[in-house]
Structure formats: structure tokens, C-alpha cells
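K.L.:
protein-v2.cif is reproduced in full below (mmCIF, C-alpha atoms).
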```cif
data_work
loop_
_atom_site.label_atom_id
_atom_site.label_comp_id
_atom_site.auth_asym_id
_atom_site.auth_seq_id
_atom_site.Cartn_x
_atom_site.Cartn_y
_atom_site.Cartn_z
CA MET A 1 0.00 0.00 0.00
CA GLY A 2 1.41 3.41 -0.98
CA ASN A 3 1.81 6.44 1.21
CA THR A 4 -1.15 8.28 -0.34
CA VAL A 5 -4.50 6.49 -0.27
CA TYR A 6 -8.07 7.75 -0.52
CA PHE A 7 -10.24 5.49 1.58
CA THR A 8 -13.77 4.37 0.86
CA GLY A 9 -16.01 2.29 3.09
CA GLU A 10 -15.40 -0.72 0.82
CA ILE A 11 -11.62 -0.31 0.98
CA TYR A 12 -11.73 0.09 4.75
CA ALA A 13 -13.91 -2.99 5.18
CA GLU A 14 -11.58 -5.00 2.94
CA MET A 15 -8.56 -3.93 5.02
CA MET A 16 -10.31 -4.94 8.23
CA GLU A 17 -11.22 -8.35 6.84
CA LYS A 18 -7.67 -9.04 5.65
CA GLY A 19 -6.16 -7.86 8.91
CA LYS A 20 -4.01 -5.20 7.28
CA THR A 21 -2.91 -2.11 9.17
CA SER A 22 -2.86 1.44 7.89
CA ASN A 23 -0.67 4.45 8.55
CA TRP A 24 -1.77 8.02 9.14
CA SER A 25 -0.41 9.53 5.91
CA TYR A 26 -3.87 9.53 4.29
CA VAL A 27 -5.06 12.12 6.81
CA ASP A 28 -2.80 14.66 5.09
CA GLN A 29 -5.07 14.42 2.06
CA PHE A 30 -7.85 16.03 4.09
CA THR A 31 -5.97 18.27 6.54
CA TYR A 32 -3.52 20.97 5.64
CA ASP A 33 -1.81 24.04 7.07
CA PHE A 34 -2.63 27.54 5.85
CA PRO A 35 0.33 29.88 5.26
CA SER A 36 0.63 32.24 8.22
CA ASP A 37 1.94 35.11 6.07
CA GLN A 38 -1.24 35.45 4.00
CA GLU A 39 -4.05 37.67 5.24
CA TYR A 40 -7.11 35.56 4.67
CA THR A 41 -9.14 33.27 6.95
CA PRO A 42 -11.41 30.37 5.89
CA ILE A 43 -14.45 30.14 8.20
CA GLU A 44 -16.71 27.09 8.14
CA TYR A 45 -20.22 28.22 9.12
CA ILE A 46 -22.05 25.28 10.77
CA TRP A 47 -25.76 25.00 11.55
CA LEU A 48 -28.67 22.54 11.90
CA GLY A 49 -31.07 21.83 9.06
CA GLY A 50 -34.79 21.26 9.29
CA THR A 51 -34.78 17.61 10.38
CA GLY A 52 -33.11 18.61 13.65
CA GLU A 53 -30.37 16.06 13.02
CA ASP A 54 -28.84 17.14 9.70
CA ILE A 55 -25.71 19.21 10.23
CA ARG A 56 -25.06 21.68 7.42
CA ALA A 57 -21.98 23.75 6.63
CA LYS A 58 -20.45 26.07 4.06
CA THR A 59 -17.22 28.04 3.83
CA ARG A 60 -16.64 31.77 3.68
CA VAL A 61 -13.12 33.10 3.11
CA TYR A 62 -12.46 36.46 4.76
CA PRO A 63 -9.75 38.59 3.05
CA ARG A 64 -8.28 39.41 6.45
CA ASN A 65 -7.15 37.72 9.65
CA ILE A 66 -10.00 36.68 11.98
CA THR A 67 -9.22 36.03 15.62
CA SER A 68 -12.54 36.46 17.48
CA LEU A 69 -16.26 35.79 17.20
CA ALA A 70 -17.04 39.52 17.19
CA GLU A 71 -15.21 39.91 13.88
CA LEU A 72 -17.54 37.55 12.01
CA ASP A 73 -20.38 38.76 9.84
CA GLU A 74 -23.84 37.27 9.89
CA TRP A 75 -24.54 35.29 6.73
CA ASN A 76 -27.48 33.48 5.11
CA TYR A 77 -28.41 30.35 3.17
CA ASP A 78 -31.23 28.82 1.15
CA GLY A 79 -33.64 27.39 3.71
CA SER A 80 -35.77 25.77 1.01
CA SER A 81 -32.90 23.33 0.43
CA THR A 82 -32.58 22.41 4.12
CA TYR A 83 -36.27 21.68 4.85
CA GLN A 84 -36.68 24.98 6.70
CA ALA A 85 -38.43 27.33 4.28
CA THR A 86 -40.34 27.68 1.01
CA THR A 87 -38.64 28.86 -2.15
CA GLU A 88 -40.64 32.10 -2.09
CA ASN A 89 -39.32 32.98 1.37
CA SER A 90 -36.15 30.94 1.56
CA GLU A 91 -33.49 33.14 3.15
CA ILE A 92 -32.40 32.00 6.61
CA LYS A 93 -29.94 34.10 8.60
CA LEU A 94 -26.82 32.62 10.19
CA LYS A 95 -25.70 34.17 13.47
CA PRO A 96 -22.29 32.89 14.67
CA VAL A 97 -22.35 32.03 18.38
CA ARG A 98 -19.15 30.02 19.01
CA LEU A 99 -15.76 29.98 17.30
CA VAL A 100 -13.17 27.17 17.49
CA ARG A 101 -10.12 26.03 15.53
CA ASP A 102 -10.64 23.97 12.36
CA PRO A 103 -8.61 20.74 12.52
CA PHE A 104 -9.03 20.19 8.77
CA ARG A 105 -7.68 23.64 7.85
CA ARG A 106 -4.97 23.95 10.44
CA GLY A 107 -3.39 27.23 11.38
CA LYS A 108 -5.84 29.89 10.25
CA GLY A 109 -9.00 27.90 9.61
CA LEU A 110 -11.90 28.32 12.06
CA LEU A 111 -15.29 26.69 12.69
CA ALA A 112 -18.24 28.94 13.49
CA LEU A 113 -21.28 27.30 15.10
CA CYS A 114 -24.38 29.35 14.22
CA GLU A 115 -27.93 29.94 15.34
CA THR A 116 -30.51 30.22 12.57
CA TYR A 117 -33.26 32.84 12.21
CA ASN A 118 -36.12 33.47 9.82
CA GLY A 119 -36.45 36.74 7.96
CA ASN A 120 -38.85 38.07 10.61
CA GLY A 121 -36.30 37.47 13.37
CA THR A 122 -37.92 34.37 14.89
CA PRO A 123 -35.84 31.22 15.48
CA ALA A 124 -35.73 29.04 12.38
CA LEU A 125 -37.00 25.45 12.39
CA ALA A 126 -34.79 23.25 14.64
CA ASN A 127 -33.18 26.22 16.41
CA PHE A 128 -33.61 25.17 20.03
CA ARG A 129 -30.45 26.92 21.17
CA THR A 130 -32.31 30.21 21.65
CA ILE A 131 -34.68 28.93 24.33
CA CYS A 132 -31.93 26.83 25.94
CA ASN A 133 -29.71 29.90 26.22
CA GLN A 134 -32.51 31.81 27.90
CA ILE A 135 -32.90 29.04 30.49
CA MET A 136 -29.15 28.82 31.12
CA THR A 137 -28.93 32.58 31.58
CA GLU A 138 -31.72 32.57 34.16
CA ALA A 139 -30.19 29.59 36.01
CA ALA A 140 -26.59 30.81 35.82
CA ALA A 141 -26.31 31.27 39.61
CA GLU A 142 -26.93 27.52 40.05
CA LYS A 143 -23.86 26.78 37.87
CA PRO A 144 -25.35 23.79 36.03
CA TRP A 145 -22.64 21.40 34.80
CA PHE A 146 -23.12 18.68 32.20
CA GLY A 147 -21.22 15.79 30.70
CA ILE A 148 -22.78 13.84 27.85
CA GLU A 149 -21.80 10.31 26.79
CA GLN A 150 -22.48 10.25 23.05
CA GLU A 151 -22.96 6.78 21.57
CA TYR A 152 -23.04 6.07 17.83
CA ALA A 153 -22.54 3.27 15.32
CA ILE A 154 -20.24 3.22 12.29
CA PHE A 155 -21.69 2.05 8.98
CA VAL A 156 -20.23 1.13 5.61
CA THR A 157 -22.19 2.69 2.75
CA LYS A 158 -22.66 1.21 -0.71
CA GLY A 159 -24.34 3.58 -3.11
CA THR A 160 -26.94 5.88 -1.60
CA ASN A 161 -29.28 3.41 0.10
CA TYR A 162 -27.46 0.28 1.23
CA LYS A 163 -25.63 0.41 4.56
CA TYR A 164 -24.38 -2.15 7.04
CA PRO A 165 -22.33 -1.86 10.25
CA LEU A 166 -18.57 -1.80 9.89
CA GLY A 167 -17.04 -5.22 10.64
CA TRP A 168 -20.33 -7.09 10.28
CA PRO A 169 -20.72 -9.80 7.65
CA GLU A 170 -22.60 -8.24 4.75
CA GLY A 171 -26.26 -9.19 5.06
CA GLY A 172 -25.68 -11.06 8.32
CA PHE A 173 -24.88 -10.71 12.00
CA PRO A 174 -21.67 -11.06 14.03
CA SER A 175 -21.29 -13.22 17.12
CA GLU A 176 -23.50 -12.14 20.01
CA GLN A 177 -22.66 -9.07 22.05
CA GLY A 178 -20.33 -9.51 24.99
CA PRO A 179 -16.73 -9.25 23.76
CA TYR A 180 -17.07 -5.81 22.13
CA TYR A 181 -17.52 -3.43 25.08
CA CYS A 182 -14.21 -1.64 25.81
CA SER A 183 -12.60 -4.18 23.50
CA VAL A 184 -9.08 -4.21 22.09
CA GLY A 185 -8.02 -6.01 18.93
CA ALA A 186 -9.05 -6.13 15.28
CA SER A 187 -11.49 -9.02 15.87
CA TYR A 188 -13.70 -6.90 18.12
CA ALA A 189 -12.90 -3.17 17.85
CA TYR A 190 -14.06 -1.95 14.44
CA GLY A 191 -13.26 1.56 13.25
CA ARG A 192 -10.65 2.72 15.72
CA GLU A 193 -8.90 4.82 13.05
CA LEU A 194 -12.02 6.97 12.69
CA VAL A 195 -12.45 7.16 16.47
CA GLU A 196 -8.85 8.28 17.02
CA LEU A 197 -8.97 10.84 14.19
CA HIS A 198 -12.12 12.28 15.74
CA GLN A 199 -10.43 12.53 19.12
CA ARG A 200 -7.48 14.39 17.61
CA ALA A 201 -9.84 16.72 15.76
CA CYS A 202 -11.74 17.55 18.96
CA PHE A 203 -8.50 18.23 20.83
CA TYR A 204 -7.26 20.54 18.09
CA ALA A 205 -10.57 22.42 18.01
CA GLY A 206 -10.37 22.96 21.77
CA LEU A 207 -13.54 21.07 22.64
CA LYS A 208 -13.97 19.62 26.12
CA TYR A 209 -13.41 16.07 24.97
CA ALA A 210 -13.23 13.76 28.00
CA GLY A 211 -12.76 10.22 26.69
CA LEU A 212 -13.88 7.36 24.47
CA ASN A 213 -14.58 3.62 24.50
CA ALA A 214 -15.90 0.84 22.31
CA GLU A 215 -19.49 -0.05 23.17
CA VAL A 216 -21.61 -3.19 23.49
CA LEU A 217 -22.86 -3.37 19.89
CA PRO A 218 -20.05 -4.24 17.45
CA SER A 219 -19.04 -1.10 15.49
CA GLN A 220 -20.64 1.04 18.22
CA TRP A 221 -18.52 3.61 20.08
CA GLU A 222 -18.91 6.34 22.63
CA PHE A 223 -17.16 9.63 23.26
CA GLN A 224 -17.70 11.94 26.18
CA ILE A 225 -17.90 15.75 26.21
CA GLY A 226 -17.69 17.70 29.46
CA PRO A 227 -17.82 18.92 32.04
CA CYS A 228 -19.41 21.95 30.41
CA GLU A 229 -21.37 24.73 32.05
CA GLY A 230 -24.69 25.95 30.69
CA ILE A 231 -25.04 26.52 26.95
CA GLU A 232 -21.48 25.34 26.39
CA MET A 233 -22.66 21.73 26.61
CA GLY A 234 -24.91 21.87 23.56
CA ASP A 235 -22.38 23.90 21.57
CA HIS A 236 -19.50 21.52 22.20
CA LEU A 237 -21.54 18.39 21.51
CA TRP A 238 -22.91 19.65 18.19
CA LEU A 239 -19.40 20.66 17.12
CA ALA A 240 -18.09 17.24 18.16
CA ARG A 241 -20.84 15.56 16.13
CA TYR A 242 -19.87 17.71 13.14
CA LEU A 243 -16.22 16.71 13.47
CA LEU A 244 -17.16 13.02 13.77
CA GLN A 245 -19.11 13.11 10.53
CA ARG A 246 -16.36 15.09 8.78
CA ALA A 247 -13.80 12.56 9.97
CA GLY A 248 -16.04 9.81 8.61
CA GLU A 249 -15.73 11.36 5.16
CA VAL A 250 -11.98 10.65 5.25
CA PHE A 251 -12.73 6.91 5.35
CA GLY A 252 -15.97 6.88 3.38
CA LEU A 253 -17.79 5.75 6.53
CA ASP A 254 -21.15 6.90 7.83
CA VAL A 255 -22.05 7.60 11.44
CA SER A 256 -25.49 6.61 12.74
CA PHE A 257 -27.11 8.21 15.78
CA ASP A 258 -30.17 5.96 15.53
CA PRO A 259 -31.17 5.05 19.11
CA LYS A 260 -31.86 1.40 18.21
CA PRO A 261 -30.05 0.24 15.06
CA PHE A 262 -31.02 -3.42 15.61
CA LYS A 263 -33.76 -5.02 17.69
CA GLY A 264 -32.41 -7.29 20.41
CA TRP A 265 -29.03 -5.55 20.55
CA ASN A 266 -27.99 -2.64 22.73
CA GLY A 267 -29.13 0.73 21.44
CA SER A 268 -27.35 4.08 21.44
CA GLY A 269 -27.94 6.76 24.06
CA ALA A 270 -26.68 10.15 25.14
CA HIS A 271 -26.47 9.63 28.91
CA THR A 272 -26.46 13.07 30.47
CA ASN A 273 -24.56 13.70 33.69
CA PHE A 274 -25.82 16.74 35.57
CA SER A 275 -25.06 18.68 38.72
CA THR A 276 -25.56 22.08 40.26
CA LEU A 277 -23.24 23.87 42.66
CA ALA A 278 -25.44 22.75 45.56
CA MET A 279 -25.12 19.11 44.45
CA ARG A 280 -21.35 19.34 44.23
CA ASN A 281 -20.99 20.94 47.66
CA GLU A 282 -20.85 19.11 51.00
CA ASN A 283 -24.06 17.14 51.72
CA GLY A 284 -25.13 17.79 48.14
CA ILE A 285 -26.91 14.43 48.11
CA GLU A 286 -29.97 16.25 49.47
CA ALA A 287 -29.98 18.55 46.43
CA ILE A 288 -29.50 15.53 44.18
CA HIS A 289 -32.57 13.79 45.61
CA LYS A 290 -34.56 17.00 45.36
CA GLY A 291 -33.52 17.31 41.71
CA ILE A 292 -34.57 13.72 41.06
CA GLU A 293 -38.01 14.49 42.47
CA SER A 294 -38.31 17.39 40.04
CA LEU A 295 -37.40 15.15 37.13
CA GLN A 296 -39.82 12.45 38.25
CA GLY A 297 -42.69 14.92 38.25
CA ALA A 298 -42.06 15.77 34.59
CA HIS A 299 -41.04 12.35 33.27
CA LYS A 300 -43.45 12.26 30.33
CA GLU A 301 -42.60 15.81 29.30
CA HIS A 302 -38.87 15.06 29.32
CA ILE A 303 -39.35 11.90 27.28
CA GLN A 304 -41.12 13.93 24.59
CA VAL A 305 -37.95 15.89 23.81
CA TYR A 306 -35.31 13.24 24.54
CA GLY A 307 -34.99 11.95 20.97
CA VAL A 308 -36.99 10.56 18.06
CA GLY A 309 -37.45 6.77 18.13
CA ASN A 310 -36.46 6.52 21.79
CA GLU A 311 -39.42 4.23 22.45
CA ARG A 312 -37.54 1.52 20.52
CA ARG A 313 -34.60 1.87 22.91
CA LEU A 314 -36.16 2.42 26.36
CA VAL A 315 -37.77 -1.01 26.71
CA GLY A 316 -36.53 -2.02 30.16
CA ALA A 317 -33.81 -4.28 28.73
CA CYS A 318 -30.33 -3.90 27.22
CA GLU A 319 -29.25 -1.55 30.04
CA THR A 320 -32.26 0.76 29.74
CA SER A 321 -35.23 1.69 31.88
CA SER A 322 -38.84 1.49 30.73
CA ILE A 323 -40.05 4.56 28.88
CA GLU A 324 -43.36 4.23 30.73
CA ARG A 325 -42.02 4.36 34.28
CA PHE A 326 -39.61 6.69 36.07
CA SER A 327 -37.04 5.07 38.36
CA TYR A 328 -33.77 5.85 40.07
CA GLY A 329 -31.13 4.03 42.04
CA VAL A 330 -27.54 3.94 43.19
CA GLY A 331 -25.29 2.34 40.58
CA ASN A 332 -28.34 1.13 38.68
CA ARG A 333 -27.95 1.20 34.89
CA ALA A 334 -31.47 -0.10 34.41
CA ALA A 335 -32.93 3.04 36.03
CA SER A 336 -34.00 6.35 34.52
CA ILE A 337 -31.60 8.19 36.84
CA ARG A 338 -28.42 6.66 38.22
CA ILE A 339 -26.59 7.99 41.28
CA PRO A 340 -22.96 6.81 41.05
CA PHE A 341 -21.68 4.75 43.99
CA ASP A 342 -18.93 7.29 44.73
CA CYS A 343 -21.43 10.14 44.91
CA ALA A 344 -23.67 8.19 47.27
CA ALA A 345 -20.67 7.41 49.49
CA LYS A 346 -19.37 11.00 49.49
CA LYS A 347 -22.93 12.39 49.77
CA CYS A 348 -22.31 14.87 46.98
CA GLY A 349 -21.55 14.96 43.27
CA TYR A 350 -23.91 14.45 40.34
CA MET A 351 -26.66 12.33 38.81
CA GLU A 352 -26.87 10.61 35.44
CA ASP A 353 -30.01 10.87 33.31
CA ARG A 354 -29.87 7.71 31.20
CA ARG A 355 -33.03 8.42 29.21
CA PRO A 356 -31.84 10.70 26.34
CA ALA A 357 -31.39 8.98 22.97
CA SER A 358 -28.24 9.25 20.89
CA ASN A 359 -30.01 11.47 18.35
CA CYS A 360 -31.34 13.93 20.94
CA ASP A 361 -30.80 17.66 20.64
CA PRO A 362 -28.53 18.53 23.60
CA TYR A 363 -30.09 22.00 23.79
CA LEU A 364 -33.49 20.42 24.47
CA VAL A 365 -32.11 17.89 26.98
CA THR A 366 -29.93 20.28 28.98
CA GLY A 367 -32.54 23.03 28.78
CA MET A 368 -35.30 20.74 30.03
CA ILE A 369 -33.20 19.36 32.90
CA THR A 370 -32.05 22.81 34.03
CA ASP A 371 -35.56 24.22 33.78
CA SER A 372 -37.07 21.37 35.83
CA VAL A 373 -34.38 21.27 38.52
CA CYS A 374 -33.37 24.93 38.80
CA LEU A 375 -36.37 26.97 37.60
CA GLY A 376 -39.32 24.85 38.73
CA GLY A 377 -40.45 24.11 35.19
CA LYS A 378 -40.93 27.79 34.33
CA HIS A 379 -40.21 27.27 30.63
CA ARG A 380 -41.47 23.70 30.28
CA GLN A 381 -44.51 24.56 28.22
CA ASP A 382 -42.45 26.87 26.01
CA ILE A 383 -40.04 24.02 25.27
CA LEU A 384 -42.87 21.58 24.56
CA GLN A 385 -44.62 24.10 22.33
CA ALA A 386 -41.42 24.69 20.37
CA TRP A 387 -40.96 20.93 20.01
CA ASN A 388 -44.57 20.33 18.94
CA ASP A 389 -44.32 23.12 16.35
CA PHE A 390 -41.14 21.54 15.07
CA GLN A 391 -42.79 18.11 14.79
CA LYS A 392 -45.64 19.53 12.72
CA LYS A 393 -43.31 21.22 10.24
CA SER A 394 -40.27 18.95 10.05
CA ILE A 395 -39.99 16.33 7.31
CA ALA A 396 -38.32 14.06 9.86
CA HIS A 397 -41.78 13.34 11.31
CA HIS A 398 -43.85 13.08 8.12
#
```
Would you mind writing the file out in C-alpha cells?
P.N.:
Amino acid sequence: MGNTVYFTGEIYAEMMEKGKTSNWSYVDQFTYDFPSDQEYTPIEYIWLGGTGEDIRAKTRVYPRNITSLAELDEWNYDGSSTYQATTENSEIKLKPVRLVRDPFRRGKGLLALCETYNGNGTPALANFRTICNQIMTEAAAEKPWFGIEQEYAIFVTKGTNYKYPLGWPEGGFPSEQGPYYCSVGASYAYGRELVELHQRACFYAGLKYAGLNAEVLPSQWEFQIGPCEGIEMGDHLWLARYLLQRAGEVFGLDVSFDPKPFKGWNGSGAHTNFSTLAMRNENGIEAIHKGIESLQGAHKEHIQVYGVGNERRLVGACETSSIERFSYGVGNRAASIRIPFDCAAKKCGYMEDRRPASNCDPYLVTGMITDSVCLGGKHRQDILQAWNDFQKKSIAHH
């Protein structure tokens, strides 16, 4: 194999089957350094399309050096091509809200995460960051911290419609789950090159990347983002998801955030660890139990915004709770809310909400949790109304 190789899903799968190893030289085909002596800056504007899961992006090259968010202009795009508008009224405004380094255009390249707005100034379809930011601002004194464990599965794509999990026999199933969780070795850990490239990309961007591991379903992985405070959680997770999908392009591999890729096998979640300052302080276990009570009282409302298709995952098996019943326990991974053993022993720390699906919008999840625990559900109906309006208009639910 030469030093310069463009990978496709088929090539990658063939390499895995034959037990060959690769080097990292191919990454240079997709990452490069911009000359520091030239006064221009490529900015990748990133936003969410109308399905609520489709990440969109386009590049604008500024003929000057850009070093801060305040220097960026607002921009626009054709919302009729992203399921967010009609052709007659298609212009959607992009408002940059967070700026990080671009690992694929090293040196001067930057990534700009954006909020989206209609021409009349209202949040565009799938923009849940606006209401989440309002909640986080009002609850800032509580110092809400989050850490999200993002699970996903890696798929090989053939053509536009046929996909199967990386490492699986085409049209069949691998040996039963058991040896894949936190596995090491080519027989069990499928796709580590993509996983490691994603980690490096997150580090370069400056995201709060906390770790990774292989998961229970073969070709399934998890990465963790956090701890993040307030709106930072949703921003960093969406940027990490963007980088994961961009890294997948290098190998010709797809990433699936479906909460239940296969019946009878473990699904994919976005377990959300949460704490307030009171929970982290001495005797914070009392605040933790009080927070759990608040979540229990709004269980059905939380489930509504915790991800599409989550009813296929939360079945009371495969390390999940029942979607119908709220539960909690110490060290219990079959409960809605888990209190870690260490936190119970120290009587302070955090709780883990195990209900969110892998395809959830972190703005909805973190906003709903913060609103229920810190603000007494003040904005609950606003969140649900925004979600219901989204469901009526989004093609993802047609």
C-alpha cells in the first residue's frame, strides 16, 4: 500500500477483513496548514437543518485575519434546500455564536457554530439553542454542569441506500454481544482509526473532549464531552458531532445516531450527567434527591424531547429503563436516573439521566433538565410548544 490512499467504506472494510494495518499519511489528504503570512481566513459556518439532526456547513473566506467571534459577519443560506423554508421565502440568517479552531484547515481555519433565524427574526425550524440559552442565563447562579456520553454506530455505505455496520458480515450478524464493550483487537474493535482521528480533531478544536470507549454493539462507540457549564454543553456536543461526521468522510464511513439500530441488541444513548453547585458541595446528596423528584414529576414531558425513536430503545432491557415508568437508584444502569456509587458514598456529586437517545438535541435535553431542577419548570410549556411546532413542520416526522 502506498503512502497516499483515498479510503472508501469498501476499501476500509476490505482492510479490516484481511487484517491489514494502515498508517496516518492519508489524513494529510484532508488536513492541511494555511500559510501564516497570507491575510485571509477560511471560516466554516455550521448549523442545523430542518430535520433537527442534519448538520449543514459552508465556507466563507475572509480577506483578512480573523481572531474572534465579534469579527464575524452574519450570513445566510437557502432554507428551502434544508427543509426549513419555502422557495418564495427561503433566506435563513446565520448568526455565529461560538468559534473554534478547524482541525481540517490547520493554522488559520476556524469553525463557526451558528444559530438560525427566519427573515422576521424568529428562530428558524430546529433552532432550540435560543430557548436553551434563555434558560441557562436565568439559572446561571446555580452553575449547572453537564457531561454527555455520546454513543453512535459506524456504517459502511454502498451507493446511496445500502448500509451495514462496519465489521459485520454483509447481510448477516456477528457473534452475540459480549466481547465488544471496551474491546481491544481487530477481531472486536471496528473503526478505531475513525475514532482516534475524531479525538485528535476535537483536541485541536479545543472542545472539552473527555474520553472514548468501544461499546456493546459491534461497530458502536462512545465519546464523552464535558464537564461543560450551561449553553457550552450543547455547543461543544454539536461541534463534536460535526467533526465526527467530517472525519467519517476521510474513510468513506457513515455515522449513525439511531437510538436502536437493531432489535435485540444494545441501542445508542446520550447519557447526560448533571449537577448544580449545591449538588457538588458538601451534603449535596440532598440537592440531588430534590432534583430527582423534580425530574420524576415531569417524566413524560422530558421523554417527549429526549430523541426521536427513543421508544424503541427504552424497553426495560439492554441496560435501559422502561419509557413508561420513572425510576432511580444507586449504581443502577437499568434506572431512569443513576446515582454513582462514589457520589452516594461521598454524599455529593452528580446524577446521570440515562433516558436521552443518541439522536437527541442537547439543547433540548440540557434546557429541560435545568428548567425542571433549577427553575421549577418555568419554561417547560415553552419548550414543549417549540418541540410540537417543530414536529408539525419537520420532514423528519412526516
K.L.:
Please report the interatomic distance between CA of Asn283 in chain A and CA of Glu352 in chain A in Å with one decimal.
P.N.:
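Answer for the CA of Asn283 in chain A to CA of Glu352 in chain A separation: 17.8 Å.
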K.L.:
Which of these residues is nearest to Trp387 in chain A, using all atoms listed in the file: A:Val330, A:Ala345, A:Ala57, A:Ile131?
P.N.:
A:Ile131
K.L.:
Using all atoms listed in the file, which of the listed residues (A:Leu194, A:Ala344, A:Ser394, A:Asp254) sits closest to Thr160 in chain A?
P.N.:
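Using all atoms listed in the file, Thr160 in chain A sits closest to A:Asp254.
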K.L.:
Identify which of the residues A:Pro362, A:Gly109, A:Gly349, A:Pro218 lies closest to Ala270 in chain A, counting all atoms listed in the file when measuring atom-to-atom distances.
P.N.:
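Using all atoms listed in the file, Ala270 in chain A sits closest to A:Pro362.
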K.L.:
Which neighbours of Pro42 in chain A fall inside 9 Å, counting only C-alpha atoms, when residues of the same chain fewer than 2 positions from it are skipped, and could you give them as a ChimeraX atom specification?
P.N.:
/A:40,44,59-63,66,105,108-111
K.L.:
Under the PyMOL selection byres ((chain A and resi 265) around 12), which residues of this model are included? Write them out as a PyMOL selection string.
P.N.:
chain A and resi 173-178+215-218+220+259-264+266-268+312-313+315+317-320
K.L.:
Quick one: what's the axis-aligned box for range 200-207 of chain A, all listed atoms, 5 Å on every side, centre and edges in Å to one decimal, as JSON?
P.N.:
```
{"center_x": -10.4, "center_y": 18.7, "center_z": 19.2, "size_x": 16.3, "size_y": 18.6, "size_z": 16.9}
```
K.L.:
Using Å and a single decimal, report how far CA of Asn359 in chain A sits from CA of Tyr306 in chain A.
P.N.:
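Interatomic distance here is 8.3 Å.
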K.L.:
Taking all atoms listed in the file into account, which of A:His302, A:Lys143, A:Arg64, A:Arg98 comes nearest Ile369 in chain A?
P.N.:
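Once distances to Ile369 in chain A are computed over all atoms listed in the file, the minimum belongs to A:His302.
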K.L.:
Evaluate the PyMOL selection byres ((chain A and resi 224) around 7) and record the selected residues as a PyMOL selection string, following the chain and residue labels used in the document.
P.N.:
chain A and resi 147-150+209-212+222-223+225-226
K.L.:
Where does the PyMOL selection byres ((chain A and resi 78) around 7) land in this file, that is, which residues does it pick, as a list of chain:residue names?
P.N.:
A:Tyr77, A:Gly79, A:Ser80, A:Ser81, A:Ser90, A:Glu91, A:Ile92
K.L.:
Which residues come within 7 Å of Gly367 in chain A, counting all atoms listed in the file, excluding same-chain residues fewer than 3 positions away, as number ranges by chain?
P.N.:
A: 132, 135, 363-364, 370-371
K.L.:
Rounded to one decimal place, report the CA of Asn388 in chain A-CA of Arg354 in chain A distance in Å.
P.N.:
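Result for CA of Asn388 in chain A versus CA of Arg354 in chain A: 22.9 Å, one decimal.
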K.L.:
Show which residues sit within 10 Å of Cys114 in chain A, as a ChimeraX atom specification. Count only C-alpha atoms, and ignore same-chain residues fewer than 2 positions away.
P.N.:
/A:45-48,57,74-75,93-99,111-112,116-117,127,129,235
K.L.:
Which is closer to Ile292 in chain A than all the others in A:Gly329, A:Gly191, A:Pro340, A:Gly252, using all atoms listed in the file?
P.N.:
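Answer, going by the shortest atom-to-atom distance: A:Gly329.
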K.L.:
Could you check the closest approach to Glu293 in chain A for each of A:Ile337, A:Val305, A:Leu384, A:Ala140 and tell me which residue wins, using all atoms listed in the file?
P.N.:
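Of all the options, A:Ile337 lies closest to Glu293 in chain A.
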K.L.:
Around (-46.7, 3.6, 30.2), as given in the file, which residues come within 12 Å? Count all atoms listed in the file and list them as a list in words.
P.N.:
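Taken together, the residues in range are His299, Lys300, Ile303, Glu311, Leu314, Val315, Gly316, Ser321, Ser322, Ile323, Glu324, Arg325 and Phe326 of chain A.
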K.L.:
Keeping C-alpha atoms, export the residues of the selection given above as a JSON list (two decimals), in the coordinates of the input.
P.N.:
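Okay, this is what ended up in selection33.json:
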```
[["chain", "number", "residue", "atom", "x", "y", "z"],
["A", 299, "HIS", "CA", -41.04, 12.35, 33.27],
["A", 300, "LYS", "CA", -43.45, 12.26, 30.33],
["A", 303, "ILE", "CA", -39.35, 11.90, 27.28],
["A", 311, "GLU", "CA", -39.42, 4.23, 22.45],
["A", 314, "LEU", "CA", -36.16, 2.42, 26.36],
["A", 315, "VAL", "CA", -37.77, -1.01, 26.71],
["A", 316, "GLY", "CA", -36.53, -2.02, 30.16],
["A", 321, "SER", "CA", -35.23, 1.69, 31.88],
["A", 322, "SER", "CA", -38.84, 1.49, 30.73],
["A", 323, "ILE", "CA", -40.05, 4.56, 28.88],
["A", 324, "GLU", "CA", -43.36, 4.23, 30.73],
["A", 325, "ARG", "CA", -42.02, 4.36, 34.28],
["A", 326, "PHE", "CA", -39.61, 6.69, 36.07]]
```
